[in-house]
>>> print(open('run.tsv').read())   # TSV, N, CA and C atoms
chain	number	residue	atom	x	y	z
A	1	MET	N	-17.68	90.57	10.13
A	1	MET	CA	-17.75	89.40	9.28
A	1	MET	C	-18.84	89.61	8.24
A	2	ASN	N	-18.59	89.02	7.12
A	2	ASN	CA	-19.59	89.16	6.07
A	2	ASN	C	-20.62	88.03	6.17
A	3	LYS	N	-21.65	88.13	5.38
A	3	LYS	CA	-22.77	87.19	5.43
A	3	LYS	C	-22.32	85.75	5.10
A	4	LYS	N	-21.42	85.59	4.13
A	4	LYS	CA	-20.94	84.27	3.72
A	4	LYS	C	-20.20	83.59	4.87
A	5	THR	N	-19.38	84.32	5.59
A	5	THR	CA	-18.64	83.76	6.73
A	5	THR	C	-19.60	83.34	7.83
A	6	ASN	N	-20.62	84.16	8.10
A	6	ASN	CA	-21.62	83.82	9.12
A	6	ASN	C	-22.36	82.53	8.76
A	7	ILE	N	-22.68	82.37	7.49
A	7	ILE	CA	-23.37	81.15	7.04
A	7	ILE	C	-22.47	79.93	7.22
A	8	ILE	N	-21.20	80.05	6.87
A	8	ILE	CA	-20.26	78.93	7.02
A	8	ILE	C	-20.09	78.56	8.48
A	9	ILE	N	-19.92	79.55	9.34
A	9	ILE	CA	-19.75	79.28	10.78
A	9	ILE	C	-21.02	78.65	11.35
A	10	SER	N	-22.18	79.16	10.96
A	10	SER	CA	-23.45	78.59	11.43
A	10	SER	C	-23.59	77.14	10.98
A	11	GLY	N	-23.23	76.86	9.75
A	11	GLY	CA	-23.30	75.49	9.23
A	11	GLY	C	-22.37	74.56	9.98
A	12	LEU	N	-21.15	75.00	10.27
A	12	LEU	CA	-20.19	74.18	11.02
A	12	LEU	C	-20.68	73.92	12.43
A	13	LEU	N	-21.24	74.93	13.09
A	13	LEU	CA	-21.77	74.75	14.44
A	13	LEU	C	-22.95	73.78	14.44
A	14	ALA	N	-23.81	73.88	13.43
A	14	ALA	CA	-24.95	72.97	13.33
A	14	ALA	C	-24.46	71.53	13.12
A	15	ALA	N	-23.46	71.34	12.26
A	15	ALA	CA	-22.90	70.01	12.02
A	15	ALA	C	-22.28	69.45	13.29
A	16	LEU	N	-21.56	70.29	14.03
A	16	LEU	CA	-20.96	69.86	15.29
A	16	LEU	C	-22.04	69.46	16.28
A	17	ALA	N	-23.12	70.21	16.35
A	17	ALA	CA	-24.22	69.88	17.25
A	17	ALA	C	-24.83	68.53	16.90
A	18	VAL	N	-24.99	68.25	15.61
A	18	VAL	CA	-25.53	66.96	15.17
A	18	VAL	C	-24.59	65.83	15.57
A	19	VAL	N	-23.30	66.00	15.37
A	19	VAL	CA	-22.32	64.96	15.74
A	19	VAL	C	-22.37	64.70	17.24
A	20	VAL	N	-22.41	65.75	18.05
A	20	VAL	CA	-22.48	65.59	19.51
A	20	VAL	C	-23.76	64.88	19.91
A	21	LEU	N	-24.88	65.23	19.30
A	21	LEU	CA	-26.15	64.59	19.60
A	21	LEU	C	-26.12	63.11	19.25
A	22	ILE	N	-25.59	62.77	18.09
A	22	ILE	CA	-25.48	61.36	17.68
A	22	ILE	C	-24.60	60.60	18.67
A	23	TRP	N	-23.46	61.17	19.04
A	23	TRP	CA	-22.58	60.51	20.00
A	23	TRP	C	-23.30	60.30	21.32
A	24	PHE	N	-24.02	61.32	21.81
A	24	PHE	CA	-24.72	61.24	23.09
A	24	PHE	C	-25.78	60.16	23.07
A	25	VAL	N	-26.56	60.10	22.00
A	25	VAL	CA	-27.61	59.09	21.89
A	25	VAL	C	-26.99	57.69	21.86
A	26	ASN	N	-25.92	57.48	21.11
A	26	ASN	CA	-25.27	56.18	21.07
A	26	ASN	C	-24.67	55.80	22.40
A	27	ALA	N	-24.13	56.77	23.12
A	27	ALA	CA	-23.52	56.50	24.42
A	27	ALA	C	-24.56	56.14	25.46
A	28	ASN	N	-25.82	56.46	25.21
A	28	ASN	CA	-26.90	56.18	26.16
A	28	ASN	C	-27.89	55.16	25.61
A	29	ASP	N	-27.39	54.19	24.85
A	29	ASP	CA	-28.20	53.09	24.33
A	29	ASP	C	-29.45	53.56	23.60
A	30	GLY	N	-29.31	54.62	22.80
A	30	GLY	CA	-30.41	55.08	21.97
A	30	GLY	C	-31.36	56.05	22.65
A	31	SER	N	-31.11	56.37	23.90
A	31	SER	CA	-31.99	57.29	24.61
A	31	SER	C	-31.38	58.68	24.64
A	32	LEU	N	-32.23	59.70	24.51
A	32	LEU	CA	-31.72	61.06	24.60
A	32	LEU	C	-31.34	61.42	26.03
A	33	LEU	N	-31.92	60.74	27.01
A	33	LEU	CA	-31.59	61.00	28.40
A	33	LEU	C	-30.94	59.76	29.00
A	34	PRO	N	-29.87	59.92	29.76
A	34	PRO	CA	-29.27	58.76	30.39
A	34	PRO	C	-30.26	58.13	31.36
A	35	THR	N	-30.34	56.79	31.35
A	35	THR	CA	-31.30	56.12	32.23
A	35	THR	C	-30.80	56.09	33.66
A	36	GLY	N	-29.49	55.99	33.86
A	36	GLY	CA	-28.97	55.92	35.21
A	36	GLY	C	-29.29	54.60	35.88
A	37	ASN	N	-29.90	53.67	35.14
A	37	ASN	CA	-30.33	52.40	35.70
A	37	ASN	C	-29.38	51.29	35.27
A	38	SER	N	-28.17	51.36	35.76
A	38	SER	CA	-27.21	50.32	35.41
A	38	SER	C	-26.92	49.48	36.64
A	39	LYS	N	-26.26	48.37	36.40
A	39	LYS	CA	-25.89	47.47	37.49
A	39	LYS	C	-24.53	46.89	37.19
A	40	GLU	N	-23.86	46.44	38.22
A	40	GLU	CA	-22.58	45.75	38.07
A	40	GLU	C	-22.77	44.30	38.47
A	41	ILE	N	-22.24	43.42	37.63
A	41	ILE	CA	-22.25	42.00	37.96
A	41	ILE	C	-20.85	41.44	37.78
A	42	SER	N	-20.58	40.38	38.48
A	42	SER	CA	-19.30	39.68	38.36
A	42	SER	C	-19.52	38.45	37.49
A	43	VAL	N	-18.63	38.24	36.52
A	43	VAL	CA	-18.73	37.07	35.64
A	43	VAL	C	-17.42	36.30	35.71
A	44	ILE	N	-17.52	35.04	36.07
A	44	ILE	CA	-16.38	34.13	36.08
A	44	ILE	C	-16.70	33.01	35.10
A	45	ILE	N	-15.74	32.68	34.25
A	45	ILE	CA	-15.92	31.59	33.29
A	45	ILE	C	-14.82	30.57	33.55
A	46	ARG	N	-15.25	29.30	33.75
A	46	ARG	CA	-14.30	28.22	34.03
A	46	ARG	C	-14.46	27.09	33.02
A	47	ASN	N	-13.33	26.59	32.55
A	47	ASN	CA	-13.29	25.39	31.74
A	47	ASN	C	-12.97	24.27	32.70
A	48	GLN	N	-14.02	23.57	33.14
A	48	GLN	CA	-13.97	22.64	34.26
A	48	GLN	C	-13.45	23.44	35.46
A	49	SER	N	-12.30	23.18	36.01
A	49	SER	CA	-11.85	23.93	37.19
A	49	SER	C	-10.90	25.06	36.85
A	50	GLU	N	-10.49	25.18	35.59
A	50	GLU	CA	-9.54	26.22	35.18
A	50	GLU	C	-10.27	27.53	34.90
A	51	GLU	N	-9.91	28.58	35.65
A	51	GLU	CA	-10.55	29.88	35.47
A	51	GLU	C	-10.02	30.57	34.22
A	52	MET	N	-10.93	30.94	33.32
A	52	MET	CA	-10.57	31.60	32.06
A	52	MET	C	-10.80	33.10	32.14
A	53	VAL	N	-11.86	33.51	32.84
A	53	VAL	CA	-12.28	34.91	32.89
A	53	VAL	C	-12.75	35.23	34.30
A	54	ASP	N	-12.42	36.43	34.76
A	54	ASP	CA	-12.93	36.96	36.02
A	54	ASP	C	-13.11	38.46	35.82
A	55	ASP	N	-14.35	38.88	35.46
A	55	ASP	CA	-14.62	40.27	35.09
A	55	ASP	C	-15.74	40.85	35.94
A	56	VAL	N	-15.71	42.16	36.05
A	56	VAL	CA	-16.85	42.92	36.58
A	56	VAL	C	-17.40	43.71	35.41
A	57	ILE	N	-18.70	43.57	35.17
A	57	ILE	CA	-19.34	44.17	34.00
A	57	ILE	C	-20.43	45.13	34.47
A	58	GLU	N	-20.44	46.32	33.86
A	58	GLU	CA	-21.55	47.25	34.09
A	58	GLU	C	-22.49	47.14	32.90
A	59	THR	N	-23.76	46.99	33.20
A	59	THR	CA	-24.75	46.77	32.15
A	59	THR	C	-26.07	47.42	32.53
A	60	ASP	N	-26.97	47.54	31.57
A	60	ASP	CA	-28.30	48.09	31.81
A	60	ASP	C	-29.08	47.14	32.71
A	61	GLU	N	-29.90	47.70	33.59
A	61	GLU	CA	-30.62	46.88	34.56
A	61	GLU	C	-31.61	45.90	33.93
A	62	ASN	N	-32.03	46.15	32.69
A	62	ASN	CA	-33.03	45.28	32.06
A	62	ASN	C	-32.43	44.19	31.18
A	63	ASN	N	-31.11	44.16	31.00
A	63	ASN	CA	-30.49	43.16	30.14
A	63	ASN	C	-30.56	41.78	30.77
A	64	ASN	N	-30.91	40.79	29.93
A	64	ASN	CA	-30.88	39.41	30.43
A	64	ASN	C	-29.44	38.88	30.34
A	65	LEU	N	-29.19	37.78	31.02
A	65	LEU	CA	-27.83	37.24	31.10
A	65	LEU	C	-27.28	36.85	29.74
A	66	LEU	N	-28.10	36.27	28.89
A	66	LEU	CA	-27.61	35.85	27.57
A	66	LEU	C	-27.16	37.06	26.76
A	67	ASP	N	-27.95	38.13	26.75
A	67	ASP	CA	-27.56	39.33	26.02
A	67	ASP	C	-26.27	39.94	26.57
A	68	ILE	N	-26.12	39.93	27.88
A	68	ILE	CA	-24.89	40.45	28.50
A	68	ILE	C	-23.69	39.62	28.05
A	69	MET	N	-23.84	38.31	28.07
A	69	MET	CA	-22.74	37.43	27.69
A	69	MET	C	-22.38	37.62	26.21
A	70	ILE	N	-23.38	37.71	25.35
A	70	ILE	CA	-23.12	37.90	23.91
A	70	ILE	C	-22.42	39.23	23.67
A	71	GLU	N	-22.80	40.25	24.43
A	71	GLU	CA	-22.19	41.57	24.26
A	71	GLU	C	-20.72	41.60	24.68
A	72	HIS	N	-20.35	40.79	25.67
A	72	HIS	CA	-19.00	40.89	26.23
A	72	HIS	C	-18.07	39.72	25.89
A	73	TYR	N	-18.60	38.63	25.39
A	73	TYR	CA	-17.76	37.45	25.15
A	73	TYR	C	-18.07	36.82	23.80
A	74	ASP	N	-17.12	36.02	23.32
A	74	ASP	CA	-17.29	35.26	22.09
A	74	ASP	C	-18.17	34.06	22.43
A	75	MET	N	-19.40	34.06	21.92
A	75	MET	CA	-20.38	33.03	22.26
A	75	MET	C	-20.96	32.40	21.00
A	76	GLU	N	-21.26	31.12	21.09
A	76	GLU	CA	-22.04	30.44	20.06
A	76	GLU	C	-23.26	29.85	20.74
A	77	ILE	N	-24.43	30.18	20.20
A	77	ILE	CA	-25.70	29.78	20.79
A	77	ILE	C	-26.48	28.97	19.76
A	78	THR	N	-27.14	27.90	20.20
A	78	THR	CA	-27.98	27.12	19.29
A	78	THR	C	-29.25	27.90	18.97
A	79	GLU	N	-29.99	27.45	17.96
A	79	GLU	CA	-31.26	28.08	17.61
A	79	GLU	C	-32.24	28.00	18.78
A	80	GLU	N	-32.08	26.98	19.61
A	80	GLU	CA	-32.97	26.82	20.77
A	80	GLU	C	-32.55	27.68	21.95
A	81	GLY	N	-31.40	28.36	21.83
A	81	GLY	CA	-30.94	29.25	22.89
A	81	GLY	C	-29.95	28.64	23.86
A	82	PHE	N	-29.45	27.45	23.57
A	82	PHE	CA	-28.46	26.82	24.45
A	82	PHE	C	-27.05	27.31	24.11
A	83	VAL	N	-26.25	27.50	25.14
A	83	VAL	CA	-24.87	27.93	24.95
A	83	VAL	C	-24.04	26.73	24.52
A	84	GLU	N	-23.37	26.85	23.37
A	84	GLU	CA	-22.50	25.78	22.88
A	84	GLU	C	-21.03	26.09	23.14
A	85	THR	N	-20.66	27.38	22.96
A	85	THR	CA	-19.25	27.78	23.05
A	85	THR	C	-19.15	29.11	23.78
A	86	ILE	N	-18.17	29.19	24.68
A	86	ILE	CA	-17.83	30.45	25.33
A	86	ILE	C	-16.34	30.66	25.18
A	87	GLU	N	-15.97	31.81	24.64
A	87	GLU	CA	-14.56	32.18	24.47
A	87	GLU	C	-13.76	31.07	23.78
A	88	GLY	N	-14.38	30.46	22.76
A	88	GLY	CA	-13.69	29.45	21.97
A	88	GLY	C	-13.67	28.06	22.57
A	89	VAL	N	-14.24	27.88	23.76
A	89	VAL	CA	-14.28	26.56	24.41
A	89	VAL	C	-15.68	25.98	24.20
A	90	GLU	N	-15.70	24.86	23.48
A	90	GLU	CA	-16.96	24.24	23.07
A	90	GLU	C	-17.37	23.14	24.04
A	91	GLN	N	-18.68	23.04	24.29
A	91	GLN	CA	-19.14	21.91	25.09
A	91	GLN	C	-18.90	20.62	24.30
A	92	ASP	N	-18.88	19.50	25.00
A	92	ASP	CA	-18.55	18.21	24.38
A	92	ASP	C	-19.56	17.17	24.83
A	93	ALA	N	-20.62	17.01	24.04
A	93	ALA	CA	-21.70	16.09	24.41
A	93	ALA	C	-21.20	14.65	24.51
A	94	ALA	N	-20.23	14.28	23.67
A	94	ALA	CA	-19.70	12.91	23.70
A	94	ALA	C	-19.06	12.59	25.05
A	95	ASN	N	-18.50	13.59	25.70
A	95	ASN	CA	-17.88	13.41	27.02
A	95	ASN	C	-18.73	14.00	28.14
A	96	ASN	N	-19.99	14.30	27.84
A	96	ASN	CA	-20.94	14.85	28.81
A	96	ASN	C	-20.47	16.15	29.46
A	97	LEU	N	-19.80	17.01	28.69
A	97	LEU	CA	-19.36	18.31	29.18
A	97	LEU	C	-20.28	19.39	28.61
A	98	PHE	N	-20.94	20.14	29.50
A	98	PHE	CA	-21.90	21.15	29.09
A	98	PHE	C	-21.69	22.43	29.87
A	99	TRP	N	-22.01	23.57	29.22
A	99	TRP	CA	-21.93	24.86	29.89
A	99	TRP	C	-23.16	25.04	30.78
A	100	VAL	N	-22.91	25.33	32.06
A	100	VAL	CA	-23.97	25.64	33.02
A	100	VAL	C	-23.56	26.89	33.79
A	101	TYR	N	-24.54	27.55	34.37
A	101	TYR	CA	-24.21	28.74	35.16
A	101	TYR	C	-24.90	28.71	36.52
A	102	GLU	N	-24.25	29.37	37.47
A	102	GLU	CA	-24.79	29.57	38.81
A	102	GLU	C	-24.80	31.07	39.09
A	103	VAL	N	-25.72	31.48	39.95
A	103	VAL	CA	-25.76	32.88	40.39
A	103	VAL	C	-25.67	32.87	41.91
A	104	ASN	N	-24.68	33.56	42.41
A	104	ASN	CA	-24.46	33.64	43.86
A	104	ASN	C	-24.39	32.23	44.48
A	105	GLU	N	-23.67	31.35	43.80
A	105	GLU	CA	-23.41	29.97	44.23
A	105	GLU	C	-24.67	29.10	44.28
A	106	GLU	N	-25.70	29.47	43.52
A	106	GLU	CA	-26.92	28.67	43.45
A	106	GLU	C	-27.29	28.40	42.00
A	107	MET	N	-27.76	27.18	41.73
A	107	MET	CA	-28.25	26.85	40.41
A	107	MET	C	-29.50	27.68	40.13
A	108	VAL	N	-29.68	28.05	38.87
A	108	VAL	CA	-30.82	28.87	38.46
A	108	VAL	C	-31.73	28.00	37.58
A	109	PRO	N	-33.04	27.98	37.88
A	109	PRO	CA	-33.93	27.07	37.16
A	109	PRO	C	-34.43	27.59	35.81
A	110	VAL	N	-33.84	28.68	35.29
A	110	VAL	CA	-34.25	29.20	33.99
A	110	VAL	C	-33.03	29.38	33.11
A	111	GLY	N	-33.26	29.46	31.82
A	111	GLY	CA	-32.18	29.69	30.88
A	111	GLY	C	-31.63	31.10	30.98
A	112	ALA	N	-30.45	31.31	30.43
A	112	ALA	CA	-29.78	32.61	30.50
A	112	ALA	C	-30.57	33.71	29.80
A	113	GLU	N	-31.38	33.33	28.80
A	113	GLU	CA	-32.19	34.32	28.10
A	113	GLU	C	-33.32	34.86	28.98
A	114	GLU	N	-33.75	34.07	29.94
A	114	GLU	CA	-34.84	34.47	30.82
A	114	GLU	C	-34.36	35.11	32.12
A	115	PHE	N	-33.10	34.93	32.44
A	115	PHE	CA	-32.59	35.41	33.73
A	115	PHE	C	-32.10	36.85	33.64
A	116	ILE	N	-32.61	37.73	34.51
A	116	ILE	CA	-32.19	39.12	34.60
A	116	ILE	C	-31.35	39.26	35.87
A	117	PRO	N	-30.03	39.42	35.73
A	117	PRO	CA	-29.20	39.57	36.93
A	117	PRO	C	-29.53	40.85	37.69
A	118	GLU	N	-29.27	40.81	38.99
A	118	GLU	CA	-29.44	41.98	39.84
A	118	GLU	C	-28.07	42.57	40.14
A	119	ASP	N	-28.07	43.83	40.55
A	119	ASP	CA	-26.83	44.51	40.90
A	119	ASP	C	-26.09	43.70	41.97
A	120	GLY	N	-24.81	43.45	41.71
A	120	GLY	CA	-23.97	42.74	42.66
A	120	GLY	C	-23.96	41.23	42.51
A	121	ASP	N	-24.76	40.69	41.59
A	121	ASP	CA	-24.77	39.23	41.40
A	121	ASP	C	-23.41	38.73	40.95
A	122	SER	N	-23.06	37.54	41.42
A	122	SER	CA	-21.85	36.85	40.99
A	122	SER	C	-22.28	35.66	40.15
A	123	ILE	N	-21.90	35.69	38.87
A	123	ILE	CA	-22.31	34.66	37.92
A	123	ILE	C	-21.10	33.84	37.53
A	124	VAL	N	-21.23	32.53	37.68
A	124	VAL	CA	-20.14	31.63	37.31
A	124	VAL	C	-20.64	30.68	36.22
A	125	TRP	N	-19.98	30.74	35.06
A	125	TRP	CA	-20.22	29.79	33.98
A	125	TRP	C	-19.14	28.74	34.08
A	126	GLU	N	-19.53	27.46	34.01
A	126	GLU	CA	-18.53	26.40	34.08
A	126	GLU	C	-18.87	25.29	33.11
A	127	LEU	N	-17.85	24.84	32.40
A	127	LEU	CA	-17.99	23.66	31.55
A	127	LEU	C	-17.94	22.47	32.50
A	128	THR	N	-19.09	21.81	32.68
A	128	THR	CA	-19.25	20.82	33.74
A	128	THR	C	-19.60	19.46	33.17
A	129	GLU	N	-19.05	18.43	33.78
A	129	GLU	CA	-19.35	17.06	33.37
A	129	GLU	C	-20.61	16.57	34.08
A	130	PHE	N	-21.52	15.97	33.29
A	130	PHE	CA	-22.74	15.39	33.87
A	130	PHE	C	-22.72	13.90	33.74
>>> encode(input="run.tsv", output="structure tokens")
Amino acid sequence: MNKKTNIIISGLLAALAVVVLIWFVNANDGSLLPTGNSKEISVIIRNQSEEMVDDVIETDENNNLLDIMIEHYDMEITEEGFVETIEGVEQDAANNLFWVYEVNEEMVPVGAEEFIPEDGDSIVWELTEF
């Protein structure tokens, strides 16, 4: 091979290496090394008693519940951090219907932005009348 061909091949290999590196970094949430610190949680979404969603989600161990929900579902959140709409279903203050969540069948005393789910948690969001 001549010098020009070697330069072209070297350039193509370098470009391929850059593409693979970019893909790898994006696939690992911006880290060059995989963290290996993921968790699986179950998410159920109910409009009153009607089940809309029943998913198992794998996510990073440090993600809070609100970030997980925003990443996987169509959500509308107030400036104060309250959930107004999930998957196109809006809460209705006039009829006292509000989105609330439970973890492992227990009410949680903090907002979704503060709650960090653990591996295996079962999270149920329900549009509930108060």
>>> residues_around(input="run.tsv", residues="Gly88 of chain A", least_positions_apart="2", cutoff="9 Å", atoms="only C-alpha atoms", output="list in words")
Asp74, Met75, Glu76, Thr85, Ile86 and Glu90 of chain A
>>> atom_distance(input="run.tsv", atom1="atom CA of Ser38 of chain A", atom2="atom CA of Val108 of chain A")
22.0 Å
>>> select_by_dssp(input="run.tsv", residues="segment 42-124 of chain A", states="alpha helix (DSSP H)", output="VMD selection string")
chain A and resid 65 to 72
>>> atom_distance(input="run.tsv", atom1="atom CA of Glu84 of chain A", atom2="atom CA of Asp60 of chain A")
24.7 Å
>>> atom_distance(input="run.tsv", atom1="atom C of Glu61 of chain A", atom2="atom C of Val124 of chain A")
18.9 Å
>>> closest_residue(input="run.tsv", among="A:Glu87, A:Glu126, A:Asp119, A:Asp55", to="Glu105 of chain A", atoms="only C-alpha atoms")
A:Glu126
>>> residues_around(input="run.tsv", residues="Ile116 of chain A", least_positions_apart="2", cutoff="8 Å", atoms="only N, CA and C atoms", output="list of chain:residue names")
A:Glu61, A:Asn62, A:Asn63, A:Asn64, A:Leu65, A:Leu66, A:Gly111, A:Ala112, A:Glu113, A:Glu114, A:Glu118, A:Asp119
>>> residues_around(input="run.tsv", residues="Arg46 of chain A", least_positions_apart="4", cutoff="12 Å", atoms="only C-alpha atoms", output="VMD selection string")
chain A and resid 50 to 54 86 to 87 89 to 91 98 to 102 123 to 128
>>> closest_residue(input="run.tsv", among="A:Val110, A:Ile22, A:Val103, A:Ile41", to="Ile68 of chain A", atoms="only C-alpha atoms")
A:Ile41
>>> decode(input="run.tsv", residues="segment 82-112 of chain A", atoms="N, CA and C atoms", output="mmCIF file, in the first residue's frame")
data_model
loop_
_atom_site.group_PDB
_atom_site.id
_atom_site.type_symbol
_atom_site.label_atom_id
_atom_site.label_comp_id
_atom_site.auth_asym_id
_atom_site.auth_seq_id
_atom_site.Cartn_x
_atom_site.Cartn_y
_atom_site.Cartn_z
ATOM 1 N N PHE A 82 -45.071 19.748 41.924
ATOM 2 C CA PHE A 82 -46.225 18.859 42.062
ATOM 3 C C PHE A 82 -46.601 18.262 40.705
ATOM 4 N N VAL A 83 -46.995 17.001 40.725
ATOM 5 C CA VAL A 83 -47.414 16.318 39.500
ATOM 6 C C VAL A 83 -48.833 16.756 39.169
ATOM 7 N N GLU A 84 -49.017 17.296 37.962
ATOM 8 C CA GLU A 84 -50.344 17.708 37.510
ATOM 9 C C GLU A 84 -50.960 16.690 36.553
ATOM 10 N N THR A 85 -50.104 16.122 35.668
ATOM 11 C CA THR A 85 -50.594 15.228 34.617
ATOM 12 C C THR A 85 -49.629 14.068 34.453
ATOM 13 N N ILE A 86 -50.196 12.868 34.319
ATOM 14 C CA ILE A 86 -49.414 11.683 33.982
ATOM 15 C C ILE A 86 -50.084 11.018 32.795
ATOM 16 N N GLU A 87 -49.308 10.794 31.748
ATOM 17 C CA GLU A 87 -49.804 10.116 30.543
ATOM 18 C C GLU A 87 -51.112 10.733 30.028
ATOM 19 N N GLY A 88 -51.165 12.064 30.066
ATOM 20 C CA GLY A 88 -52.315 12.775 29.524
ATOM 21 C C GLY A 88 -53.513 12.871 30.452
ATOM 22 N N VAL A 89 -53.431 12.277 31.645
ATOM 23 C CA VAL A 89 -54.538 12.336 32.605
ATOM 24 C C VAL A 89 -54.197 13.390 33.650
ATOM 25 N N GLU A 90 -55.039 14.429 33.682
ATOM 26 C CA GLU A 90 -54.788 15.592 34.529
ATOM 27 C C GLU A 90 -55.537 15.473 35.847
ATOM 28 N N GLN A 91 -54.886 15.934 36.922
ATOM 29 C CA GLN A 91 -55.617 15.994 38.191
ATOM 30 C C GLN A 91 -56.739 17.018 38.064
ATOM 31 N N ASP A 92 -57.726 16.926 38.944
ATOM 32 C CA ASP A 92 -58.910 17.783 38.856
ATOM 33 C C ASP A 92 -59.220 18.336 40.245
ATOM 34 N N ALA A 93 -58.674 19.517 40.535
ATOM 35 C CA ALA A 93 -58.839 20.110 41.863
ATOM 36 C C ALA A 93 -60.311 20.389 42.172
ATOM 37 N N ALA A 94 -61.098 20.745 41.152
ATOM 38 C CA ALA A 94 -62.519 21.034 41.377
ATOM 39 C C ALA A 94 -63.258 19.811 41.908
ATOM 40 N N ASN A 95 -62.817 18.629 41.523
ATOM 41 C CA ASN A 95 -63.439 17.382 41.996
ATOM 42 C C ASN A 95 -62.561 16.656 43.020
ATOM 43 N N ASN A 96 -61.571 17.360 43.562
ATOM 44 C CA ASN A 96 -60.661 16.821 44.572
ATOM 45 C C ASN A 96 -59.925 15.560 44.129
ATOM 46 N N LEU A 97 -59.539 15.497 42.857
ATOM 47 C CA LEU A 97 -58.769 14.370 42.332
ATOM 48 C C LEU A 97 -57.313 14.807 42.157
ATOM 49 N N PHE A 98 -56.406 14.114 42.849
ATOM 50 C CA PHE A 98 -55.000 14.475 42.826
ATOM 51 C C PHE A 98 -54.132 13.235 42.651
ATOM 52 N N TRP A 99 -52.971 13.428 41.994
ATOM 53 C CA TRP A 99 -52.015 12.342 41.828
ATOM 54 C C TRP A 99 -51.246 12.142 43.132
ATOM 55 N N VAL A 100 -51.259 10.906 43.638
ATOM 56 C CA VAL A 100 -50.483 10.533 44.820
ATOM 57 C C VAL A 100 -49.756 9.225 44.510
ATOM 58 N N TYR A 101 -48.706 8.957 45.258
ATOM 59 C CA TYR A 101 -47.996 7.699 45.040
ATOM 60 C C TYR A 101 -47.743 6.973 46.354
ATOM 61 N N GLU A 102 -47.649 5.651 46.239
ATOM 62 C CA GLU A 102 -47.291 4.778 47.348
ATOM 63 C C GLU A 102 -46.090 3.949 46.920
ATOM 64 N N VAL A 103 -45.301 3.535 47.892
ATOM 65 C CA VAL A 103 -44.176 2.640 47.632
ATOM 66 C C VAL A 103 -44.363 1.413 48.511
ATOM 67 N N ASN A 104 -44.404 0.271 47.874
ATOM 68 C CA ASN A 104 -44.597 -1.000 48.588
ATOM 69 C C ASN A 104 -45.830 -0.936 49.499
ATOM 70 N N GLU A 105 -46.905 -0.379 48.950
ATOM 71 C CA GLU A 105 -48.215 -0.268 49.605
ATOM 72 C C GLU A 105 -48.212 0.635 50.834
ATOM 73 N N GLU A 106 -47.253 1.564 50.904
ATOM 74 C CA GLU A 106 -47.202 2.516 52.014
ATOM 75 C C GLU A 106 -47.088 3.936 51.479
ATOM 76 N N MET A 107 -47.798 4.865 52.123
ATOM 77 C CA MET A 107 -47.675 6.271 51.770
ATOM 78 C C MET A 107 -46.259 6.736 52.099
ATOM 79 N N VAL A 108 -45.747 7.651 51.288
ATOM 80 C CA VAL A 108 -44.390 8.173 51.471
ATOM 81 C C VAL A 108 -44.508 9.638 51.896
ATOM 82 N N PRO A 109 -43.800 10.030 52.966
ATOM 83 C CA PRO A 109 -43.967 11.383 53.494
ATOM 84 C C PRO A 109 -43.147 12.462 52.778
ATOM 85 N N VAL A 110 -42.550 12.141 51.625
ATOM 86 C CA VAL A 110 -41.779 13.137 50.885
ATOM 87 C C VAL A 110 -42.256 13.177 49.443
ATOM 88 N N GLY A 111 -41.945 14.265 48.771
ATOM 89 C CA GLY A 111 -42.303 14.400 47.369
ATOM 90 C C GLY A 111 -41.471 13.480 46.491
ATOM 91 N N ALA A 112 -41.927 13.271 45.265
ATOM 92 C CA ALA A 112 -41.257 12.366 44.326
ATOM 93 C C ALA A 112 -39.851 12.837 43.986
#
